[in-house]
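Participant: So here's start.txt (compact mmCIF, C-alpha atoms).
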# COMPACT_ATOMS: atom_id res chain seq x y z
CA SER A 17 0.00 0.00 0.00
CA GLN A 18 1.02 3.60 -0.48
CA THR A 19 1.85 6.01 2.31
CA ILE A 20 2.84 9.66 2.37
CA HIS A 21 4.98 11.23 5.07
CA GLN A 22 5.57 14.85 5.98
CA TRP A 23 7.90 16.32 8.52
CA PRO A 24 8.10 18.07 10.75
CA ALA A 25 4.54 17.99 12.02
CA THR A 26 4.81 21.42 13.60
CA LEU A 27 7.38 24.17 13.26
CA VAL A 28 7.87 27.59 14.80
CA GLN A 29 10.35 29.81 13.00
CA PRO A 30 11.38 33.46 13.29
CA VAL A 31 10.85 35.90 10.44
CA GLY A 32 13.78 35.87 8.06
CA SER A 33 14.87 32.32 8.85
CA PRO A 34 15.11 29.59 6.19
CA LEU A 35 12.61 26.79 5.75
CA SER A 36 12.76 23.23 4.56
CA LEU A 37 9.74 20.93 4.62
CA GLU A 38 10.02 17.41 3.33
CA CYS A 39 7.49 15.04 1.84
CA THR A 40 8.11 11.44 0.83
CA VAL A 41 5.84 8.85 -0.74
CA GLU A 42 6.20 5.09 -0.39
CA GLY A 43 4.71 2.26 -2.38
CA THR A 44 4.32 3.93 -5.76
CA SER A 45 6.54 5.16 -8.55
CA ASN A 46 6.51 8.28 -10.70
CA PRO A 47 3.75 10.00 -8.73
CA ASN A 48 2.53 13.51 -9.38
CA LEU A 49 3.43 15.53 -6.28
CA TYR A 50 1.81 18.67 -4.91
CA TRP A 51 2.39 21.32 -2.24
CA TYR A 52 -0.59 23.24 -0.84
CA ARG A 53 -0.87 25.91 1.83
CA GLN A 54 -3.87 26.65 3.96
CA ALA A 55 -3.85 29.91 5.90
CA ALA A 56 -6.00 30.11 9.02
CA GLY A 57 -9.69 29.99 8.09
CA ARG A 58 -8.95 29.85 4.37
CA GLY A 59 -9.17 27.29 1.60
CA LEU A 60 -6.26 25.30 0.19
CA GLN A 61 -3.94 27.15 -2.16
CA LEU A 62 -1.96 25.13 -4.70
CA LEU A 63 1.69 26.24 -4.49
CA PHE A 64 3.68 23.80 -6.63
CA TYR A 65 3.21 20.56 -8.49
CA SER A 66 5.63 18.15 -10.12
CA VAL A 67 5.15 15.43 -12.70
CA GLY A 68 8.72 14.11 -12.49
CA ILE A 69 12.23 14.51 -11.05
CA GLY A 70 13.42 18.07 -11.49
CA GLN A 71 10.11 19.18 -13.02
CA ILE A 72 8.42 21.86 -10.94
CA SER A 73 5.47 24.05 -11.84
CA SER A 74 4.85 27.10 -9.71
CA GLU A 75 1.31 28.30 -9.26
CA VAL A 76 1.83 31.38 -7.11
CA PRO A 77 4.89 33.66 -7.28
CA GLN A 78 6.26 34.14 -3.77
CA ASN A 79 9.34 33.59 -1.66
CA LEU A 80 8.87 29.81 -1.62
CA SER A 81 10.47 27.26 -3.90
CA ALA A 82 10.12 23.53 -4.42
CA SER A 83 12.46 20.80 -5.53
CA ARG A 84 12.13 17.14 -6.42
CA PRO A 85 15.56 15.57 -6.08
CA GLN A 86 14.22 12.01 -6.15
CA ASP A 87 11.17 10.35 -7.65
CA ARG A 88 9.27 10.15 -4.38
CA GLN A 89 10.69 13.13 -2.52
CA PHE A 90 9.30 16.66 -2.66
CA ILE A 91 10.83 19.54 -0.72
CA LEU A 92 9.41 23.00 -0.01
CA SER A 93 11.94 25.68 0.84
CA SER A 94 12.35 29.32 1.62
CA LYS A 95 15.48 31.40 2.11
CA LYS A 96 13.74 33.99 4.29
CA LEU A 97 10.36 33.39 5.90
CA LEU A 98 7.70 36.09 6.11
CA LEU A 99 4.91 36.37 8.66
CA SER A 100 2.47 35.65 5.86
CA ASP A 101 4.08 32.23 5.30
CA SER A 102 2.39 30.92 8.44
CA GLY A 103 -0.11 28.19 7.69
CA PHE A 104 -0.82 24.52 7.28
CA TYR A 105 1.31 22.98 4.53
CA LEU A 106 0.03 19.86 2.87
CA CYS A 107 1.79 17.54 0.47
CA ALA A 108 -0.22 15.29 -1.82
CA TRP A 109 0.40 12.66 -4.46
CA LYS A 110 -1.59 11.08 -7.23
CA ARG A 111 -0.97 8.44 -9.83
CA PRO A 112 0.09 10.03 -13.10
CA ILE A 113 -2.91 8.61 -14.93
CA SER A 114 -5.46 11.37 -15.30
CA TYR A 115 -8.64 11.55 -13.26
CA ASN A 116 -7.29 9.68 -10.25
CA GLU A 117 -7.78 11.22 -6.85
CA GLN A 118 -5.08 12.88 -4.76
CA PHE A 119 -3.91 11.48 -1.45
CA PHE A 120 -2.83 13.96 1.19
CA GLY A 121 -0.20 13.77 3.88
CA PRO A 122 -0.74 14.72 7.53
CA GLY A 123 0.53 18.26 7.02
CA THR A 124 3.01 20.61 8.68
CA ARG A 125 1.72 23.48 10.77
CA LEU A 126 4.16 26.39 10.39
CA THR A 127 4.07 29.44 12.62
CA VAL A 128 6.32 32.35 11.71
CA LEU A 129 6.91 34.78 14.57
CA ASP B 23 -9.83 24.59 -14.28
CA ALA B 24 -13.48 25.39 -13.63
CA LYS B 25 -14.46 27.95 -11.01
CA THR B 26 -16.90 26.45 -8.54
CA THR B 27 -19.37 28.13 -6.20
CA GLN B 28 -20.58 26.54 -2.98
CA PRO B 29 -22.60 27.79 0.00
CA THR B 30 -20.40 28.84 2.87
CA SER B 31 -22.08 26.66 5.47
CA MET B 32 -24.87 24.16 6.00
CA ASP B 33 -26.41 22.22 8.87
CA CYS B 34 -27.85 18.72 8.73
CA ALA B 35 -29.58 16.61 11.37
CA GLU B 36 -27.85 13.39 12.28
CA GLY B 37 -29.28 10.44 10.37
CA ARG B 38 -30.74 12.62 7.63
CA ALA B 39 -29.39 12.98 4.12
CA ALA B 40 -26.99 15.87 3.59
CA ASN B 41 -27.28 17.45 0.14
CA LEU B 42 -24.38 19.73 -0.73
CA PRO B 43 -24.77 21.79 -3.91
CA CYS B 44 -22.06 23.09 -6.21
CA ASN B 45 -22.28 25.37 -9.24
CA HIS B 46 -19.66 24.93 -11.96
CA SER B 47 -21.18 26.71 -14.94
CA THR B 48 -17.79 27.20 -16.66
CA ILE B 49 -16.73 23.58 -16.50
CA SER B 50 -15.22 22.33 -19.74
CA GLY B 51 -16.02 19.05 -21.43
CA ASN B 52 -12.89 17.24 -20.24
CA GLU B 53 -13.08 18.34 -16.61
CA TYR B 54 -14.33 15.98 -13.97
CA VAL B 55 -16.20 17.11 -10.87
CA TYR B 56 -14.33 16.04 -7.73
CA TRP B 57 -15.48 16.19 -4.13
CA TYR B 58 -13.12 16.18 -1.17
CA ARG B 59 -13.70 16.86 2.49
CA GLN B 60 -11.41 18.16 5.21
CA ILE B 61 -11.87 17.44 8.85
CA HIS B 62 -10.29 20.06 11.09
CA SER B 63 -6.48 19.99 11.13
CA GLN B 64 -6.25 17.05 8.74
CA GLY B 65 -5.46 16.75 5.06
CA PRO B 66 -8.38 16.58 2.62
CA GLN B 67 -9.94 13.20 1.93
CA TYR B 68 -11.19 12.16 -1.48
CA ILE B 69 -14.90 11.35 -1.61
CA ILE B 70 -16.02 10.85 -5.19
CA HIS B 71 -15.68 12.16 -8.73
CA GLY B 72 -17.66 12.02 -11.95
CA LEU B 73 -17.86 13.34 -15.49
CA LYS B 74 -21.43 13.07 -16.76
CA ASN B 75 -23.16 10.17 -15.12
CA ASN B 76 -24.30 10.00 -11.53
CA GLU B 77 -21.86 8.12 -9.34
CA THR B 78 -22.19 6.26 -6.05
CA ASN B 79 -19.66 4.72 -3.72
CA GLU B 80 -19.55 3.63 -0.12
CA MET B 81 -19.24 7.22 1.09
CA ALA B 82 -21.62 9.25 -1.03
CA SER B 83 -23.55 9.80 -4.22
CA LEU B 84 -22.82 12.43 -6.84
CA ILE B 85 -25.62 13.80 -8.96
CA ILE B 86 -24.49 15.87 -11.98
CA THR B 87 -27.05 17.84 -13.98
CA GLU B 88 -27.42 17.02 -17.64
CA ASP B 89 -25.87 20.35 -18.69
CA ARG B 90 -23.01 19.72 -16.20
CA LYS B 91 -23.36 23.21 -14.78
CA SER B 92 -24.05 22.02 -11.27
CA SER B 93 -23.86 18.97 -9.07
CA THR B 94 -24.97 17.74 -5.67
CA LEU B 95 -23.07 15.57 -3.24
CA ILE B 96 -25.36 13.41 -1.15
CA LEU B 97 -24.37 11.84 2.15
CA PRO B 98 -27.31 9.47 2.62
CA HIS B 99 -27.26 9.17 6.41
CA ALA B 100 -25.13 11.90 7.94
CA THR B 101 -23.26 11.15 11.15
CA LEU B 102 -21.43 13.45 13.53
CA ARG B 103 -18.16 12.31 11.93
CA ASP B 104 -19.29 13.83 8.64
CA THR B 105 -18.87 17.33 10.10
CA ALA B 106 -16.20 18.83 7.85
CA VAL B 107 -15.51 21.31 5.07
CA TYR B 108 -16.56 19.90 1.70
CA TYR B 109 -14.81 21.03 -1.47
CA CYS B 110 -16.17 20.77 -4.99
CA ILE B 111 -13.50 21.00 -7.70
CA GLY B 112 -13.52 20.93 -11.46
CA SER B 113 -10.33 19.43 -12.84
CA THR B 114 -8.81 17.56 -15.75
CA GLY B 115 -6.96 15.50 -13.18
CA ASN B 116 -3.56 17.18 -12.89
CA GLN B 117 -4.02 20.43 -10.98
CA PHE B 118 -6.67 20.81 -8.32
CA TYR B 119 -7.80 24.26 -7.19
CA PHE B 120 -9.66 24.13 -3.92
CA GLY B 121 -12.01 26.99 -3.04
CA THR B 122 -13.26 27.71 0.45
CA GLY B 123 -15.83 24.91 0.34
CA THR B 124 -18.97 24.33 2.40
CA SER B 125 -18.65 23.87 6.13
CA LEU B 126 -21.13 21.11 6.99
CA THR B 127 -22.18 20.73 10.61
CA VAL B 128 -24.09 17.58 11.53
CA ILE B 129 -26.31 18.28 14.50
CA PRO B 130 -27.20 15.54 17.01
Taking this structure as input, can you express it in the form of structure tokens?
Facilitator:
Amino acid sequence: SQTIHQWPATLVQPVGSPLSLECTVEGTSNPNLYWYRQAAGRGLQLLFYSVGIGQISSEVPQNLSASRPQDRQFILSSKKLLLSDSGFYLCAWKRPISYNEQFFGPGTRLTVL
Amino acid sequence: DAKTTQPTSMDCAEGRAANLPCNHSTISGNEYVYWYRQIHSQGPQYIIHGLKNNETNEMASLIITEDRKSSTLILPHATLRDTAVYYCIGSTGNQFYFGTGTSLTVIP
């Protein structure tokens, strides 16, 4: 069976500090991978998605970046965090065949102070 | 991807059917209608999806109008555990754009 992991589960960081959130998927190969952010009381915002190693599509220009160094690893980074980066960050995967559903990880709750 | 419109919130009595509407008047011919739900502080959970025909699974039923401009998610016998935010999404299956959804509260 397939599982998706995210870490850390919670994170408190000062403004201006760097960020690295990691997501890994087990039990599948060549998944589509996604990063979403959910600000308090808001809907999910698609940040990045990837259809393969080194292939990243950015949905929203901002101070975040994503990388996919391995087939089942997806990393969200920032060089300098802003207060507005606080939120619930969710990683998701889906099989590359169209119309399949996405499966979400447990999320990382980031608080920038 | 299609823009969807959903009511902000709804209540439903426990044991009754919950009918959650969604308007997607700009949906294109190759976009499916997906429904997800999100229980507080968890990742969204897939419920069901469909293209033209009505669909049913162990969780819910999806009724899509003939013109595909709207759909209704039906939870046949709502329980307290169905309290969540429900998202309706139009997608070709690669990118998914979640709106703010409908906050469903099941009342005992």
Participant: Return the single residue from A:Leu49, A:Leu35, A:Ala55, A:Leu99 that is closest to Ile69 (chain A), with distances computed using all atoms listed in the file.
Facilitator: A:Leu49
Participant: Which residues are near Asn48 (chain A)? Cut-off 7 Å, all atoms listed in the file, ignore same chain within fewer than 4 positions. Put them as a PyMOL selection string.
Facilitator: chain A and resi 66-68+109-112
Participant: Within 6 Å of chain A, which residues of chain B show up when using only C-alpha atoms, listed as a list in words?
Facilitator: Gly65, Gly115, Phe120, Gly121 and Thr122 of chain B
Participant: Between CA of Glu36 (chain B) and CA of Ser63 (chain B), what distance in Å does the model show, to one decimal?
Facilitator: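 A separation of 22.4 Å between them.
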Participant: Could you name the residues that touch Asn52 (chain B) at 10 Å or less, counting all atoms listed in the file, but leaving out those on the same chain fewer than 5 positions away, as a list in words?
Facilitator: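 Skipping anything fewer than 5 positions along the chain leaves Tyr115 of chain A; Asp23, Leu73, Gly112, Ser113, Thr114 and Gly115 of chain B.
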Participant: Please determine, counting only C-alpha atoms, which residue among A:Cys39, A:Leu129, A:Ile20, A:Val31 has the shortest atom-to-atom distance to Lys95 (chain A).
Facilitator: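 Smallest separation from Lys95 (chain A) among the options: A:Val31.
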Participant: Would you mind listing what lies within 12 Å of Leu84 (chain B) as a count of residues only, with only C-alpha atoms counted and same-chain residues fewer than 6 positions away left out?
Facilitator: 29
Participant: Which value, in Å to one decimal, gives the distance between CA of Glu53 (chain B) and CA of Gly70 (chain A)?
Facilitator: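 Separation of CA of Glu53 (chain B) and CA of Gly70 (chain A): 27.0 Å.
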Participant: Quote the spacing between CA of Gly37 (chain B) and CA of Gly123 (chain B) in Å to one decimal place.
Facilitator: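 Result for CA of Gly37 (chain B) versus CA of Gly123 (chain B): 22.2 Å, one decimal.
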Participant: Out of B:Ile61, B:Arg38, B:Thr30, B:Asn45, which residue has the shortest atom-to-atom distance to Thr101 (chain B) when counting only C-alpha atoms?
Facilitator: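 Ranking B:Ile61, B:Arg38, B:Thr30, B:Asn45 by distance to Thr101 (chain B), first place goes to B:Arg38.
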Participant: List every protein, DNA or RNA residue with an atom no more than 9 Å from (-20.2, 19.8, 9.7) in the file's coordinates, counting only C-alpha atoms, and format the result as a PyMOL selection string.
Facilitator: chain B and resi 31-34+61+102-108+124-129
Participant: My list of candidates is B:Phe118, B:Lys25, B:Ile111, B:Glu80. Which is closest to His99 (chain B) when distances are computed with only C-alpha atoms?
Facilitator: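 With only C-alpha atoms as the atom set, the closest residue is B:Glu80.
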